[in-house]
Structures are given as structure tokens and as C-alpha cells.
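Trainee: So here's start-v8.csv (CSV, C-alpha atoms and all ligand atoms).
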chain,number,residue,atom,x,y,z
A,1,MET,CA,101.3,87.0,123.3
A,2,LYS,CA,102.8,90.4,123.8
A,3,ARG,CA,100.5,93.1,122.3
A,4,ILE,CA,102.3,96.0,120.7
A,5,LYS,CA,101.6,99.6,121.6
A,6,LEU,CA,100.3,101.8,118.8
A,7,ASP,CA,100.3,105.5,118.4
A,8,PHE,CA,96.7,106.6,118.5
A,9,ALA,CA,96.4,110.4,118.0
A,10,ASP,CA,98.2,111.8,121.1
A,11,PHE,CA,98.3,108.7,123.2
A,12,LYS,CA,99.2,105.0,122.9
A,13,VAL,CA,96.8,102.2,122.6
A,14,GLU,CA,97.4,98.5,122.8
A,15,PHE,CA,96.8,96.5,119.6
A,16,CYS,CA,93.3,95.3,120.1
A,17,ASP,CA,90.9,92.8,118.6
A,18,ARG,CA,91.7,91.3,115.2
A,19,GLU,CA,91.5,87.9,116.8
A,20,GLY,CA,90.8,86.2,113.5
A,21,ALA,CA,93.8,87.9,111.9
A,22,LEU,CA,96.1,86.8,114.7
A,23,LYS,CA,94.9,83.2,114.3
A,24,GLN,CA,95.7,83.4,110.7
A,25,VAL,CA,99.3,84.5,111.6
A,26,GLU,CA,99.5,81.4,113.9
A,27,GLU,CA,98.4,79.3,111.0
A,28,PHE,CA,101.0,80.9,108.7
A,29,ALA,CA,103.6,80.2,111.4
A,30,ARG,CA,102.6,76.5,111.5
A,31,ARG,CA,102.4,75.9,107.8
A,32,GLY,CA,104.3,78.7,106.1
A,33,THR,CA,102.9,80.6,103.1
A,34,ARG,CA,102.9,78.6,99.9
A,35,PHE,CA,102.7,81.9,98.0
A,36,PRO,CA,103.5,85.4,99.1
A,37,VAL,CA,100.4,86.8,100.7
A,38,VAL,CA,99.5,90.3,99.4
A,39,VAL,CA,97.1,92.2,101.6
A,40,PHE,CA,95.1,95.1,100.4
A,41,GLY,CA,92.4,97.2,102.1
A,42,PRO,CA,91.1,100.7,102.9
A,43,GLU,CA,93.5,103.4,104.1
A,44,GLY,CA,93.9,103.3,107.8
A,45,CYS,CA,92.0,100.0,108.3
A,46,GLY,CA,94.9,98.6,110.3
A,47,LYS,CA,97.2,96.7,107.8
A,48,THR,CA,100.4,98.2,109.2
A,49,SER,CA,99.3,97.6,112.8
A,50,TRP,CA,98.5,94.0,112.1
A,51,LEU,CA,101.7,93.4,110.3
A,52,ARG,CA,103.7,94.9,113.2
A,53,GLN,CA,101.8,92.7,115.6
A,54,ALA,CA,102.3,89.7,113.3
A,55,ALA,CA,106.1,90.3,113.4
A,56,GLU,CA,106.0,90.0,117.2
A,57,VAL,CA,104.0,86.8,117.0
A,58,LEU,CA,106.4,85.3,114.5
A,59,LYS,CA,109.4,86.2,116.6
A,60,GLU,CA,107.8,84.4,119.6
A,61,ARG,CA,107.5,81.4,117.3
A,62,GLU,CA,111.3,81.6,116.7
A,63,PHE,CA,111.2,83.1,113.2
A,64,GLY,CA,113.9,85.3,112.0
A,65,VAL,CA,112.1,88.4,110.9
A,66,ILE,CA,113.0,90.7,108.0
A,67,TYR,CA,110.7,93.7,108.2
A,68,PHE,CA,110.7,96.5,105.6
A,69,ASN,CA,108.5,99.6,105.8
A,70,PRO,CA,110.0,102.6,104.0
A,71,MET,CA,107.1,104.9,105.2
A,72,ARG,CA,108.1,104.3,108.8
A,73,ARG,CA,111.8,104.3,107.7
A,74,GLU,CA,112.1,100.8,109.2
A,75,PHE,CA,114.3,98.1,107.8
A,76,LEU,CA,115.0,95.3,110.2
A,77,ALA,CA,116.7,91.9,109.8
A,78,GLU,CA,116.4,90.2,113.1
A,79,VAL,CA,117.8,86.9,111.9
A,80,GLY,CA,120.6,86.5,114.4
A,81,ILE,CA,123.3,87.2,111.8
A,82,LYS,CA,125.5,90.1,112.6
A,83,SER,CA,126.9,90.8,109.2
A,84,LEU,CA,123.4,90.9,107.7
A,85,GLU,CA,122.1,93.3,110.3
A,86,GLU,CA,125.1,95.6,109.6
A,87,ARG,CA,124.3,95.7,105.9
A,88,VAL,CA,120.7,96.7,106.7
A,89,LEU,CA,121.9,99.5,108.9
A,90,GLU,CA,124.3,100.6,106.1
A,91,LEU,CA,121.3,100.8,103.7
A,92,LEU,CA,119.3,102.7,106.2
A,93,LYS,CA,122.1,105.2,106.4
A,94,ARG,CA,122.4,105.5,102.7
A,95,ALA,CA,118.7,106.1,102.1
A,96,ASP,CA,118.1,109.9,102.5
A,97,SER,CA,114.4,109.7,101.7
A,98,VAL,CA,111.4,107.4,102.0
A,99,HIS,CA,111.5,107.1,98.2
A,100,ALA,CA,115.2,106.1,98.2
A,101,LEU,CA,114.6,103.5,100.9
A,102,ALA,CA,111.6,102.1,99.0
A,103,GLY,CA,114.0,101.6,96.1
A,104,PHE,CA,115.9,99.1,98.2
A,105,VAL,CA,113.0,96.7,98.4
A,106,GLY,CA,114.9,94.2,96.3
A,107,TYR,CA,117.4,93.8,99.1
A,108,VAL,CA,114.7,92.1,101.2
A,109,VAL,CA,114.9,89.1,98.9
A,110,ASP,CA,118.7,89.1,98.9
A,111,PHE,CA,118.8,89.2,102.7
A,112,ALA,CA,116.2,86.4,103.0
A,113,ARG,CA,118.3,84.3,100.7
A,114,ASP,CA,121.5,85.1,102.7
A,115,ALA,CA,119.7,84.2,105.9
A,116,LEU,CA,118.8,80.8,104.5
A,117,LYS,CA,122.4,80.3,103.3
A,118,HIS,CA,123.5,81.0,106.9
A,119,GLY,CA,121.3,78.1,107.9
A,120,LYS,CA,118.3,80.0,109.3
A,121,LYS,CA,115.4,77.6,109.1
A,122,ARG,CA,112.4,79.8,109.8
A,123,ILE,CA,112.1,83.2,108.1
A,124,ALA,CA,109.3,85.7,108.0
A,125,ILE,CA,109.5,88.4,105.4
A,126,ILE,CA,107.1,91.3,106.0
A,127,VAL,CA,107.0,94.2,103.6
A,128,ASP,CA,104.6,97.1,104.1
A,129,ASP,CA,103.9,100.4,102.4
A,130,ALA,CA,106.6,99.9,99.7
A,131,PHE,CA,104.6,99.4,96.6
A,132,GLN,CA,103.3,102.9,96.2
A,133,TYR,CA,106.8,104.2,95.7
A,134,VAL,CA,108.1,101.6,93.3
A,135,GLY,CA,106.5,101.1,89.9
A,136,GLY,CA,103.9,98.3,89.4
A,137,LYS,CA,106.3,96.2,87.4
A,138,GLU,CA,109.0,96.5,90.0
A,139,ALA,CA,106.5,95.5,92.7
A,140,ALA,CA,105.4,92.5,90.7
A,141,PHE,CA,109.1,91.6,90.2
A,142,PHE,CA,109.7,91.8,93.9
A,143,VAL,CA,106.8,89.5,94.7
A,144,LYS,CA,108.0,87.1,92.1
A,145,GLY,CA,111.4,87.2,93.9
A,146,LEU,CA,109.7,86.1,97.1
A,147,LEU,CA,108.0,83.2,95.4
A,148,GLU,CA,111.4,82.2,94.0
A,149,ILE,CA,112.8,81.9,97.5
A,150,ILE,CA,109.8,79.8,98.7
A,151,GLU,CA,110.0,77.5,95.7
A,152,HIS,CA,113.8,77.4,95.0
A,153,PRO,CA,115.6,78.2,98.2
A,154,PRO,CA,119.4,78.1,98.2
A,155,GLU,CA,119.2,75.9,101.3
A,156,SER,CA,116.4,73.8,102.7
A,157,TYR,CA,114.2,75.4,105.3
A,158,GLU,CA,111.4,74.6,107.7
A,159,ARG,CA,109.1,77.5,107.1
A,160,ILE,CA,108.9,80.7,105.2
A,161,VAL,CA,106.2,83.3,105.8
A,162,ALA,CA,106.0,86.1,103.3
A,163,ILE,CA,103.4,88.9,103.7
A,164,ALA,CA,103.2,92.2,101.9
A,165,ALA,CA,100.6,94.9,102.3
A,166,THR,CA,99.6,97.5,99.7
A,167,SER,CA,97.2,100.4,100.0
A,168,GLU,CA,94.2,99.8,97.8
A,169,GLY,CA,94.7,101.2,94.4
A,170,LEU,CA,95.7,100.3,90.9
A,171,SER,CA,99.0,98.8,92.0
A,172,ARG,CA,97.0,95.9,93.4
A,173,TRP,CA,96.2,94.8,89.8
A,174,GLU,CA,99.8,94.9,88.7
A,175,ILE,CA,100.7,92.4,91.4
A,176,GLY,CA,97.4,90.5,91.6
A,177,ARG,CA,97.0,89.6,88.0
A,178,HIS,CA,99.9,87.2,88.2
A,179,LEU,CA,99.5,83.8,89.7
A,180,TRP,CA,102.4,84.4,92.1
A,181,THR,CA,100.5,85.6,95.0
A,182,GLU,CA,97.6,84.9,97.4
A,183,LEU,CA,95.7,88.2,97.3
A,184,ARG,CA,93.7,88.8,100.5
A,185,GLY,CA,91.5,91.7,101.5
A,186,MET,CA,91.5,93.2,104.9
A,187,TRP,CA,88.5,95.4,105.9
A,188,ASN,CA,87.9,97.9,108.6
A,189,MET,CA,87.3,96.5,112.1
A,190,SER,CA,84.3,94.4,112.9
A,191,LYS,CA,81.5,96.0,114.9
A,192,LYS,CA,82.5,94.1,118.0
A,193,GLY,CA,86.2,94.6,117.6
A,194,PHE,CA,85.8,98.3,116.9
A,195,GLU,CA,83.7,98.7,120.0
A,196,GLU,CA,86.7,97.4,122.0
A,197,LEU,CA,88.9,100.1,120.6
A,198,TYR,CA,86.2,102.7,121.1
A,199,GLU,CA,86.0,101.8,124.8
A,200,ARG,CA,89.8,102.1,125.1
A,201,VAL,CA,89.7,105.5,123.6
A,202,ARG,CA,86.8,106.5,125.8
A,203,GLU,CA,88.9,105.7,128.9
A,204,GLY,CA,91.5,108.2,127.7
A,205,VAL,CA,89.0,111.0,126.8
A,206,LEU,CA,88.2,113.7,129.3
A,207,GLY,CA,85.1,115.2,127.7
A,208,SER,CA,82.1,113.6,126.2
A,209,MET,CA,82.3,111.4,123.2
A,210,PRO,CA,79.6,110.6,120.6
A,211,ASP,CA,77.8,107.3,121.3
A,212,TYR,CA,79.0,104.1,119.8
A,213,GLU,CA,76.3,103.6,117.2
A,214,ASP,CA,77.0,107.1,115.8
A,215,THR,CA,80.7,106.5,115.7
A,216,TRP,CA,80.2,103.2,113.9
A,217,ALA,CA,78.0,104.8,111.4
A,218,THR,CA,80.5,107.6,110.6
A,219,THR,CA,83.7,105.5,110.6
A,220,GLY,CA,82.5,102.1,109.4
A,221,GLY,CA,85.0,100.7,111.9
A,222,ASN,CA,88.1,102.4,110.5
A,223,PRO,CA,90.5,103.0,113.3
A,224,ARG,CA,92.4,105.9,111.7
A,225,VAL,CA,89.2,107.8,111.1
A,226,LEU,CA,88.4,107.3,114.8
A,227,ALA,CA,91.8,108.8,115.7
A,228,GLN,CA,91.2,111.7,113.4
A,229,LEU,CA,87.8,112.4,114.9
A,230,TYR,CA,89.3,112.2,118.4
A,231,GLN,CA,91.9,114.8,117.3
A,232,VAL,CA,89.4,117.3,116.2
A,233,LYS,CA,87.1,116.8,119.2
A,234,TRP,CA,84.7,114.7,117.2
A,235,SER,CA,83.9,117.3,114.6
A,236,VAL,CA,82.8,115.1,111.6
A,237,ASP,CA,82.7,118.2,109.4
A,238,LEU,CA,86.4,119.0,110.1
A,239,VAL,CA,87.5,115.5,109.2
A,240,ILE,CA,85.4,115.5,106.0
A,241,GLU,CA,86.8,118.9,105.0
A,242,ARG,CA,90.4,117.7,105.5
A,243,LEU,CA,89.7,114.5,103.6
A,244,ALA,CA,88.1,116.6,100.8
A,245,GLY,CA,91.1,118.9,100.8
A,246,SER,CA,93.8,116.2,100.7
A,247,LYS,CA,92.1,114.4,97.9
A,248,LYS,CA,91.2,117.6,96.0
A,249,LEU,CA,87.6,116.4,95.7
A,250,ASP,CA,86.3,119.7,94.4
A,251,LEU,CA,88.7,119.5,91.5
A,252,PHE,CA,87.7,115.9,90.9
A,253,THR,CA,83.9,116.4,90.9
A,254,SER,CA,84.2,119.5,88.7
A,255,SER,CA,86.3,117.5,86.1
A,256,LEU,CA,83.4,115.0,85.7
A,257,THR,CA,80.9,115.1,82.8
A,258,SER,CA,77.3,115.5,83.7
A,259,GLU,CA,76.8,111.8,83.0
A,260,GLU,CA,79.6,110.8,85.3
A,261,ARG,CA,78.1,113.0,88.1
A,262,LYS,CA,74.9,111.1,87.7
A,263,TYR,CA,76.7,107.8,88.0
A,264,LEU,CA,78.6,109.1,91.0
A,265,LEU,CA,75.3,110.1,92.8
A,266,GLU,CA,74.0,106.6,92.1
A,267,ALA,CA,77.3,105.1,93.4
A,268,ILE,CA,76.8,107.0,96.7
A,269,GLU,CA,73.5,105.2,97.1
A,270,ASP,CA,74.9,101.8,96.0
A,271,PRO,CA,78.5,101.4,95.0
A,272,ASP,CA,77.7,98.2,93.0
A,273,THR,CA,76.1,100.5,90.3
A,274,LEU,CA,79.7,101.3,89.3
A,275,LEU,CA,80.0,97.8,87.8
A,276,ALA,CA,78.9,98.8,84.3
A,277,ARG,CA,81.0,99.2,81.2
A,278,GLU,CA,80.3,102.9,80.7
A,279,ARG,CA,81.1,103.6,84.3
A,280,THR,CA,84.6,102.0,84.2
A,281,SER,CA,86.6,105.1,83.9
A,282,LEU,CA,84.8,106.7,86.8
A,283,LEU,CA,85.3,103.6,88.9
A,284,ASN,CA,89.0,103.6,88.1
A,285,LYS,CA,89.4,107.2,89.2
A,286,LEU,CA,87.6,106.4,92.5
A,287,VAL,CA,89.9,103.4,93.1
A,288,GLU,CA,93.0,105.4,92.1
A,289,MET,CA,92.0,108.1,94.6
A,290,ASN,CA,91.6,105.6,97.4
A,291,LEU,CA,87.9,106.3,97.8
A,292,VAL,CA,86.4,103.0,96.6
A,293,VAL,CA,87.7,99.5,96.8
A,294,ASP,CA,86.8,97.5,93.7
A,295,ALA,CA,86.6,93.8,93.0
A,296,MET,CA,85.9,92.9,96.6
A,297,PRO,CA,86.4,89.2,97.0
A,298,GLU,CA,83.6,86.8,97.9
A,299,ARG,CA,83.1,86.9,101.7
A,300,ARG,CA,84.8,83.5,102.2
A,301,GLN,CA,87.2,83.6,105.1
A,302,GLU,CA,90.0,82.3,102.8
A,303,HIS,CA,90.0,85.5,100.8
A,304,TRP,CA,90.3,87.8,103.8
A,305,ILE,CA,92.5,88.6,106.7
A,306,ASP,CA,90.3,88.8,109.8
A,307,GLU,CA,86.6,89.0,109.4
A,308,PRO,CA,85.3,89.7,105.9
A,309,PRO,CA,83.1,92.8,105.6
A,310,PRO,CA,79.3,92.3,105.4
A,311,GLN,CA,77.9,90.9,102.1
A,312,LYS,CA,76.2,94.2,101.5
A,313,ASP,CA,75.5,97.1,103.9
A,314,LEU,CA,74.4,100.1,102.1
A,315,LYS,CA,74.3,102.2,105.2
A,316,LEU,CA,78.1,101.8,105.5
A,317,GLY,CA,78.6,102.0,101.7
A,318,VAL,CA,79.6,98.4,101.3
A,319,GLY,CA,78.3,96.7,98.2
A,320,ARG,CA,78.8,93.1,97.2
A,321,ARG,CA,81.6,93.9,94.6
A,322,MET,CA,82.4,97.5,95.3
A,323,ALA,CA,82.6,99.5,98.5
A,324,TRP,CA,83.4,103.0,99.8
A,325,GLN,CA,86.5,102.8,101.9
A,326,THR,CA,84.5,104.3,104.8
A,327,PRO,CA,81.1,106.1,105.1
A,328,LEU,CA,83.1,109.3,105.6
A,329,HIS,CA,84.9,109.0,102.3
A,330,ARG,CA,81.4,108.6,100.7
A,331,GLU,CA,80.1,111.6,102.6
A,332,ALA,CA,83.0,113.8,101.5
A,333,VAL,CA,82.3,112.9,97.8
A,334,ARG,CA,78.6,113.6,98.3
A,335,ARG,CA,79.3,117.1,99.7
A,336,ALA,CA,81.8,117.8,96.9
A,337,LEU,CA,79.0,117.1,94.4
A,338,GLU,CA,76.7,119.4,96.3
A,339,HIS,CA,79.2,122.2,96.2
A,340,LEU,CA,79.2,122.2,92.4
A,401,LIG,N1,94.1,96.6,116.0
A,401,LIG,C1,94.3,97.9,116.3
A,401,LIG,N2,94.2,98.2,117.6
A,401,LIG,C2,94.3,99.5,118.0
A,401,LIG,N3,94.5,100.5,117.1
A,401,LIG,C3,94.6,100.2,115.8
A,401,LIG,C4,94.5,98.9,115.4
A,401,LIG,N4,94.6,98.9,114.0
A,401,LIG,C5,94.8,100.2,113.7
A,401,LIG,N5,94.8,101.0,114.8
A,401,LIG,C6,95.0,102.5,114.8
A,401,LIG,O1,94.7,103.0,113.5
A,401,LIG,C7,95.7,103.7,112.9
A,401,LIG,C8,95.8,103.3,111.4
A,401,LIG,O2,96.2,102.0,111.3
A,401,LIG,P1,97.3,101.5,110.3
A,401,LIG,O3,98.3,102.5,110.1
A,401,LIG,O4,97.7,100.1,110.7
A,401,LIG,O5,96.4,101.4,108.9
A,401,LIG,P2,96.9,101.0,107.4
A,401,LIG,O6,95.8,100.1,106.9
A,401,LIG,O7,98.3,100.5,107.5
A,401,LIG,O8,96.8,102.4,106.7
A,401,LIG,P3,97.5,102.8,105.3
A,401,LIG,O9,96.6,102.3,104.2
A,401,LIG,O10,97.5,104.3,105.3
A,401,LIG,O11,98.9,102.2,105.2
A,401,LIG,C9,97.0,103.2,113.7
A,401,LIG,O12,97.9,104.2,113.8
A,401,LIG,C10,96.4,102.9,115.1
A,401,LIG,O13,96.3,104.1,115.8
A,402,MG,MG,100.0,101.1,106.4
Render the structure in this file as C-alpha cells.

Mentor:
Amino acid sequence: MKRIKLDFADFKVEFCDREGALKQVEEFARRGTRFPVVVFGPEGCGKTSWLRQAAEVLKEREFGVIYFNPMRREFLAEVGIKSLEERVLELLKRADSVHALAGFVGYVVDFARDALKHGKKRIAIIVDDAFQYVGGKEAAFFVKGLLEIIEHPPESYERIVAIAATSEGLSRWEIGRHLWTELRGMWNMSKKGFEELYERVREGVLGSMPDYEDTWATTGGNPRVLAQLYQVKWSVDLVIERLAGSKKLDLFTSSLTSEERKYLLEAIEDPDTLLARERTSLLNKLVEMNLVVDAMPERRQEHWIDEPPPQKDLKLGVGRRMAWQTPLHREAVRRALEHL
């Protein structure tokens, strides 16, 4: 299998690890997806990278691939039908912003339908980073459209694989509350897999690098956090300050009631404490700001892409039902509370 090259800070790194997730792609290729698979997970955990690698795997298995990622300004319909490919190019030309391109998500369903009508028998539909731009209802409507193709195709087919990824946040609920999807979590990399990436990065680093255990404790296995640390020569403080700035954490903590601050302090120790009626509004804010992932599924392989996170690991901020996206997200919130 050809491994794709990914931009990692200022150099390229080969897609590494995620063996379990790649096996799952093989399984999808063998059996198709009965429901569209919707994948959610922490920012920067590797959803886009995995989906891009999945597209390669599926092409090798002779799938025509329709790939849509407005964030990367990519819309591909590699289905061997020239007229369709031209229509995609036309849409790309017409979209003058990420937002405008995201609005074309509905065409993905149309193109998949057309590919089937042209006699294509194996189709993979991969949609990434589109839902944050379209409303929750529209996202749900789109996913329903995918299901319609699987269940009521215009022509018979061999296999359809439909996968969409969404950043963790409230949009997940709009999509997930319907019975039209198979919702799956994807977590940061496993300790072993992340070590492989760490070693690759180390090969490209000239100066010294913090040791692996420290890096694991700071990042919790999140590859983007590792890239950010690399970029600032391993200054954890700088990465935390940037994160706090981009999420306006000072504003957030100062807007909380004294009661909510107390809850937040407890959540820093154990995120599962957020699971209480009077803490719901705080929890929703943390989810909306992409700091915490709520309603973590049971750690059964079937609910996850790749390895599930640990059942509970309070050092990393992972609770049974709630989890900080990374230890660094938690640390940024802790510091913002201290600043008050
Ligand atoms: N399997 C991997 N091997 C090597 N590097 C990886 C891998 N997964 C992710 N990365 C690195 O981490 C970065 C972030 O990953 P990616 O963009 O896939 O995350 P994401 O979950 O899609 O994030 P977002 O929630 O913001 O969409 C990538 O640009 C890449 O540098
Ligand atoms: Mg992404």
C-alpha cells in the first residue's frame, strides 16, 4: 500500500501507524458501508490524514473516489467519467471561498448518483471538514442523501463506501441523533503509534528534543500538537498561549459564574464530573469550543476508528464518558482560570 506524504510543520512525513484504522478501510472496501460512517474526534487527531490515506487504499481496490474537502479546497471525482470530472472542475472554479465550496456539498450526492448511472460499480464517497460551514440541518440532510444512494441506488452496484468526518462539536448531535449513520469516534494516536511518529520527527530534528514520555504526557498522542511544539522549538508555554489566544480562554473563564469555575476546576481533575444536570451548560460550552469531547462511546472497537482511547486515564484527561481533547487543552484552561 502506498503511504501518502503529509505536511508536518516545515517538512513532510509519511502517513504512519493507524494500522487498525487502515484495516477498517480494507473491511469497508470488502463489505461496503451499510450506513454512512460519520467520524468525530479531537482537533488535529488525524481524521483528515486518515481519510486521505483511505482514499488511496480505496483507489487501489478499484473504487471510483469522490473526495470533498472544502477546507483544503479539494473536490475530486476520480470515477473515470470525463464529463463528471469537468463538472467538478467547473464547481471548483465557481467557488471563490471555502464557505462557498462547502455549500456545494450536495453535489457530492448528485455526482455519486451519476457515477452509478454511468455503470460505475464501486464508489467511495469521502467528505471531510464540510459540516462546520453548513448548518446542522443541511449536514443531516446531506448524510441522509448518502443513505438514500446506498439504499435506493439508481443502478445496481457492487459496493459503496461513504465516510464523512466532522470536528468534534455540537454539529455531531445534529447528525448523530438520526438513525441514518454509524457514528464512530477517532482518538489521538496510541502510545505505540505516536512513538513511531515521534521517532520520524526526531530524525528530522537538528537540536535536542524532549524525551518521549514527556512528549506523550503533553500531547496525549495528538499529532498536530506535536507539529506545533516542533515549530516553536518545544516551548510548551508558547503553544498553550497560542491555544488560549485562539480560543479566547480568558474571556471564557471570566464569563463563568463562581459556581461554574468551581465545576471547571473539578473537571480539570476529572472530566467525568461534568456529567451532572447543573453542569450541562458548562459542558456544552466546553464541547462547542472544542476543548472537551462529550459522550465518548464505550471502548468497543466497533464504535471507534483505530484503537479506542483508554477507559479512563486522568493523567491525560480522559474520563470514561468525557475527555479533554488533549492534556494541553486542559492545561490552557487551568492557566486561564489561574489568571483570573
Ligand atoms: N497518521 C499520521 N502520520 C503522520 N502524521 C500525521 C498522521 N495523522 C496526522 N498527522 C499530522 O498531524 C496533522 C493533523 O492531522 P489532521 O489534519 O489529519 O487532523 P484532523 O483530525 O483532520 O484535524 P481537524 O479536526 O482540525 O480537522 C497533519 O497535518 C499531519 O502533519
Ligand atoms: Mg481535518

Trainee: Quick one: residues within 12 Å of (98.1, 107.5, 120.6) (file frame), counting all atoms listed in the file, please, as a ChimeraX atom specification.

Mentor: /A:5-15,197,200-201,204-205,223-224,226-228,230-231

Trainee: Can you list, as a VMD selection string, every protein, DNA or RNA residue that comes within 8 Å of Glu78 in chain A when you count all atoms listed in the file, leaving out same-chain residues fewer than 3 positions away?

Mentor: chain A and resid 64 to 66 81 85

Trainee: Select, from A:Tyr157, A:Ala21, A:Ala112, A:Ser167, the residue with the minimum atom-to-atom distance to ligand MG 402 (chain A), counting all atoms listed in the file.

Mentor: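 Of the candidates, the smallest distance to ligand MG 402 (chain A) is held by A:Ser167.
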
Trainee: Mind listing the residues within 9 Å of ligand MG 402 (chain A), only C-alpha atoms and all ligand atoms counted, as a compact mmCIF listing (two decimals) with C-alpha atoms, in the coordinates of the input?

Mentor:
# COMPACT_ATOMS: atom_id res chain seq x y z
CA GLU A 43 93.50 103.40 104.10
CA GLY A 44 93.90 103.30 107.80
CA CYS A 45 92.00 100.00 108.30
CA GLY A 46 94.90 98.60 110.30
CA LYS A 47 97.20 96.70 107.80
CA THR A 48 100.40 98.20 109.20
CA SER A 49 99.30 97.60 112.80
CA LEU A 51 101.70 93.40 110.30
CA ASN A 69 108.50 99.60 105.80
CA MET A 71 107.10 104.90 105.20
CA ASP A 128 104.60 97.10 104.10
CA ASP A 129 103.90 100.40 102.40
CA ALA A 165 100.60 94.90 102.30
CA THR A 166 99.60 97.50 99.70
CA SER A 167 97.20 100.40 100.00

Trainee: So which residues touch Lys137 in chain A within 10 Å, counting all atoms listed in the file, skipping near sequence neighbours fewer than 5 positions away, as a ChimeraX atom specification?

Mentor: /A:131,142-143,171,174-175

Trainee: Every residue with an atom at most 12 Å from (73.6, 98.8, 103.3) (file coordinates; all atoms listed in the file) is what I'm after, so could you write them as a list of chain:residue names?

Mentor: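 These residues have at least one counted atom within 12 Å: A:Ala217, A:Gly220, A:Ile268, A:Glu269, A:Asp270, A:Pro271, A:Asp272, A:Pro309, A:Pro310, A:Gln311, A:Lys312, A:Asp313, A:Leu314, A:Lys315, A:Leu316, A:Gly317, A:Val318, A:Gly319, A:Arg320, A:Met322, A:Ala323, A:Trp324, A:Pro327.
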
Trainee: List the neighbours of range 281-291 of chain A out to 10 Å using all atoms listed in the file; skip same-chain residues closer than 3 positions along the sequence, and give me the result as a PyMOL selection string.

Mentor: chain A and resi 41-43+167-171+247-249+252+256+260-261+263-264+267+271+273-278+294+322-330+332-333

Trainee: Export C-alpha atoms of the chosen residues as a tab-separated table (two decimals), keeping the file's coordinate frame?

Mentor:
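Just written: part19.tsv:
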chain	number	residue	atom	x	y	z
A	41	GLY	CA	92.40	97.20	102.10
A	42	PRO	CA	91.10	100.70	102.90
A	43	GLU	CA	93.50	103.40	104.10
A	167	SER	CA	97.20	100.40	100.00
A	168	GLU	CA	94.20	99.80	97.80
A	169	GLY	CA	94.70	101.20	94.40
A	170	LEU	CA	95.70	100.30	90.90
A	171	SER	CA	99.00	98.80	92.00
A	247	LYS	CA	92.10	114.40	97.90
A	248	LYS	CA	91.20	117.60	96.00
A	249	LEU	CA	87.60	116.40	95.70
A	252	PHE	CA	87.70	115.90	90.90
A	256	LEU	CA	83.40	115.00	85.70
A	260	GLU	CA	79.60	110.80	85.30
A	261	ARG	CA	78.10	113.00	88.10
A	263	TYR	CA	76.70	107.80	88.00
A	264	LEU	CA	78.60	109.10	91.00
A	267	ALA	CA	77.30	105.10	93.40
A	271	PRO	CA	78.50	101.40	95.00
A	273	THR	CA	76.10	100.50	90.30
A	274	LEU	CA	79.70	101.30	89.30
A	275	LEU	CA	80.00	97.80	87.80
A	276	ALA	CA	78.90	98.80	84.30
A	277	ARG	CA	81.00	99.20	81.20
A	278	GLU	CA	80.30	102.90	80.70
A	294	ASP	CA	86.80	97.50	93.70
A	322	MET	CA	82.40	97.50	95.30
A	323	ALA	CA	82.60	99.50	98.50
A	324	TRP	CA	83.40	103.00	99.80
A	325	GLN	CA	86.50	102.80	101.90
A	326	THR	CA	84.50	104.30	104.80
A	327	PRO	CA	81.10	106.10	105.10
A	328	LEU	CA	83.10	109.30	105.60
A	329	HIS	CA	84.90	109.00	102.30
A	330	ARG	CA	81.40	108.60	100.70
A	332	ALA	CA	83.00	113.80	101.50
A	333	VAL	CA	82.30	112.90	97.80

Trainee: What is the CA of Arg61 in chain A-CA of Pro36 in chain A distance in Å, reported with one decimal?

Mentor: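 We find that CA of Arg61 in chain A and CA of Pro36 in chain A lie 19.1 Å from each other.
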
Trainee: Could you tell me how far CA of Val39 in chain A sits from atom O8 of ligand LIG 401 (chain A), in Å to one decimal place?

Mentor: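 Those two atoms sit 11.4 Å apart.
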
Trainee: Measuring between all atoms listed in the file, which one of A:Arg34, A:Arg113, A:Arg321, A:His118 shows the shortest distance to Val292 in chain A?

Mentor: A:Arg321

Trainee: Using all atoms listed in the file, which of A:Leu89, A:Ile240, A:Leu179, A:Ile4 sits nearest Lys144 in chain A?

Mentor: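 The closest residue to Lys144 in chain A is A:Leu179.
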
Trainee: Using all atoms listed in the file, find the one residue out of A:Asp96, A:Glu26, A:Asp211, A:Asp17 that sits nearest to ligand LIG 401 (chain A).

Mentor: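 For ligand LIG 401 (chain A), the nearest of the given residues is A:Asp17.
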
Trainee: Have a look at CA of Cys16 in chain A and atom N1 of ligand LIG 401 (chain A) and let me know their distance in Å, one decimal.

Mentor: 4.4 Å

Trainee: As a PyMOL selection string, please: the residues near Ala140 in chain A (cut-off 12 Å, all atoms listed in the file, same-chain neighbours under 5 positions excluded).

Mentor: chain A and resi 36+38+105-106+130-132+134-135+145-147+164+166+171-181

Trainee: Identify, on the basis of only C-alpha atoms, every residue whose closest approach to Lys23 in chain A does not exceed 10 Å; exclude the query and any residue fewer than 5 positions from it along the same chain; express the result as number ranges by chain.

Mentor: A: 18, 28-29, 54, 305-306
